[in-house]
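Presented below is the structure to which this report refers.
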Amino acid sequence: MEMNEQKKTIKYSIKKISILDFGIKDAINIKSTNQNGLFNFNIEFKISSNIENKIFAVLYNHRVQLKNEPKTDIGWLKIQIDFYIKDIKNFANDSEKQVVIPNSFLGNLFDHVISTARGVWATVMKGTKLENAIVPLINTQELVQKKKLDLEKT
């Protein structure tokens, strides 16, 4: 896949998708499975890189709560997607200890991650009381603009 970033083409692909953890706890208070809109999702992204192997990893984690019980997690998902970025060295700073990915490209990677997470969540929750707790649409460009995300070399 390619993305143009200020007239530069960034060549990248998905190298690996890992489902690290998922589960349900305390879903007893859900009376039926047809209650979308009843749930809160707390979503986090963490990023890391391995310049030598040209890998940029995005760790995605969400926790689900009932809106009327926001302190009690009733479900969770954690996945990691490793992206191969051909020219990742172009994003390394002088000491090569940090990688700074352009915001629009980072938002694009987050879009891939959240879409994958949505599909994984729907699959692993099928037939449970959380099957209609759909991962919400997120404006990842807005998310990226709010935070400056730098990476430690791993």
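Letters for chains follow the order of the structure tokens (A, B, ...), residue numbers begin at 1 for each chain, and ligand numbers begin at 1 in the order shown.
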Taking only residues of segment 11-67 of chain A that have an atom at most 12 Å from an atom of segment 142-145 of chain A, what is each one's shortest atom pair and its distance in Å to one decimal, using only C-alpha atoms, in chain and number order, as CSV?
```
residue,atom,partner,partner_atom,distance
A:Ile43,CA,A:Leu143,CA,10.9
A:Glu44,CA,A:Leu143,CA,10.3
A:Phe45,CA,A:Leu143,CA,9.9
A:Lys46,CA,A:Val144,CA,11.7
A:Ile47,CA,A:Val144,CA,11.9
```
Selection file, N, CA and C atoms, as a short mmCIF file (atom, residue, chain, number, x, y, z; two decimals), in the first residue's frame:
```cif
data_model
loop_
_atom_site.label_atom_id
_atom_site.label_comp_id
_atom_site.auth_asym_id
_atom_site.auth_seq_id
_atom_site.Cartn_x
_atom_site.Cartn_y
_atom_site.Cartn_z
N ILE A 43 -10.71 3.77 24.61
CA ILE A 43 -9.79 3.28 23.58
C ILE A 43 -8.44 3.95 23.74
N GLU A 44 -7.39 3.14 23.67
CA GLU A 44 -6.01 3.65 23.78
C GLU A 44 -5.17 3.09 22.63
N PHE A 45 -4.26 3.92 22.17
CA PHE A 45 -3.26 3.50 21.19
C PHE A 45 -1.88 3.72 21.80
N LYS A 46 -0.99 2.79 21.63
CA LYS A 46 0.41 2.97 22.00
C LYS A 46 1.23 2.57 20.78
N ILE A 47 2.32 3.28 20.57
CA ILE A 47 3.12 3.04 19.39
C ILE A 47 4.57 2.76 19.75
#
```
Pick out the residues sitting within 12 Å of Trp76 of chain A, and hand them over as a ChimeraX atom specification; count only C-alpha atoms, and ignore anything fewer than 4 positions along from it in its own chain. /A:19-27,40-44,60-65,72,117-118,120-122,124-125,130,133,135
Quick one: of A:Asn103, A:Asn90, A:Thr116, A:Asn108, who's nearest to Lys16 of chain A, counting only C-alpha atoms?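 Counting only C-alpha atoms, the residue closest to Lys16 of chain A is A:Thr116.
Residues surrounding Asp111 of chain A within 10 Å are Phe105, Leu106, Gly107, Ser115, Thr116, Ala117, Leu137, Ile138, Asn139, Thr140 and Gln141 of chain A [only C-alpha atoms; sequence separation below 4 positions excluded].
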Emit the selected residues as a PDB file, in the first residue's frame, including C-alpha atoms.
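Produced file part.pdb, reproduced below:
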```pdb
ATOM      1  CA  PHE A 105       0.099   8.993   7.915  1.00  0.00           C
ATOM      2  CA  LEU A 106      -0.178   8.059  11.590  1.00  0.00           C
ATOM      3  CA  GLY A 107      -3.924   8.710  11.412  1.00  0.00           C
ATOM      4  CA  SER A 115     -11.052  -1.166  11.554  1.00  0.00           C
ATOM      5  CA  THR A 116      -9.220  -4.392  12.296  1.00  0.00           C
ATOM      6  CA  ALA A 117     -10.100  -4.112  15.995  1.00  0.00           C
ATOM      7  CA  LEU A 137     -16.296   5.264  14.620  1.00  0.00           C
ATOM      8  CA  ILE A 138     -13.382   7.470  15.612  1.00  0.00           C
ATOM      9  CA  ASN A 139     -11.880  10.488  13.891  1.00  0.00           C
ATOM     10  CA  THR A 140      -8.269   9.323  14.110  1.00  0.00           C
ATOM     11  CA  GLN A 141      -6.917  12.476  12.465  1.00  0.00           C
TER      12      GLN A 141
END
```
Write out as a PyMOL selection string the set of residues from chain A that DSSP, computed on the backbone, places in strand (DSSP E). chain A and resi 2-5+8-24+39-50+55-66+69-85+98-99+151-152
Between A:Ile10, A:Ile81, A:Val100, A:Ile74, which residue has the minimum interatomic distance to Ala57 of chain A, considering only C-alpha atoms? A:Ile81
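In this comparison, which uses only C-alpha atoms, the residue of A:Asp87, A:Glu52, A:Asp82, A:Glu69 approaching Phe39 of chain A most closely is A:Glu69.
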Work out how far apart atom CA of Ile85 of chain A and atom CA of Phe56 of chain A are and give it in Å to one decimal.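 Distance reported for this atom pair: 6.9 Å.
Closest approach to Gly75 of chain A from the set A:Ile51, A:Ile14, A:Ile134, A:Ile101 is made by A:Ile134, with distances taken over only C-alpha atoms.
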Which of segment 43-129 of chain A DSSP labels helix (DSSP H, G or I), written as a list of chain:residue names: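 Checking each residue of segment 43-129 of chain A, the helix (DSSP H, G or I) ones are A:Ile88, A:Lys89, A:Asn90, A:Phe91, A:Asn103, A:Ser104, A:Phe105, A:Leu106, A:Gly107, A:Asn108, A:Leu109, A:Phe110, A:Asp111, A:His112, A:Val113, A:Ile114, A:Ser115, A:Thr116, A:Ala117, A:Arg118, A:Gly119, A:Val120, A:Trp121, A:Ala122, A:Thr123, A:Val124, A:Met125.
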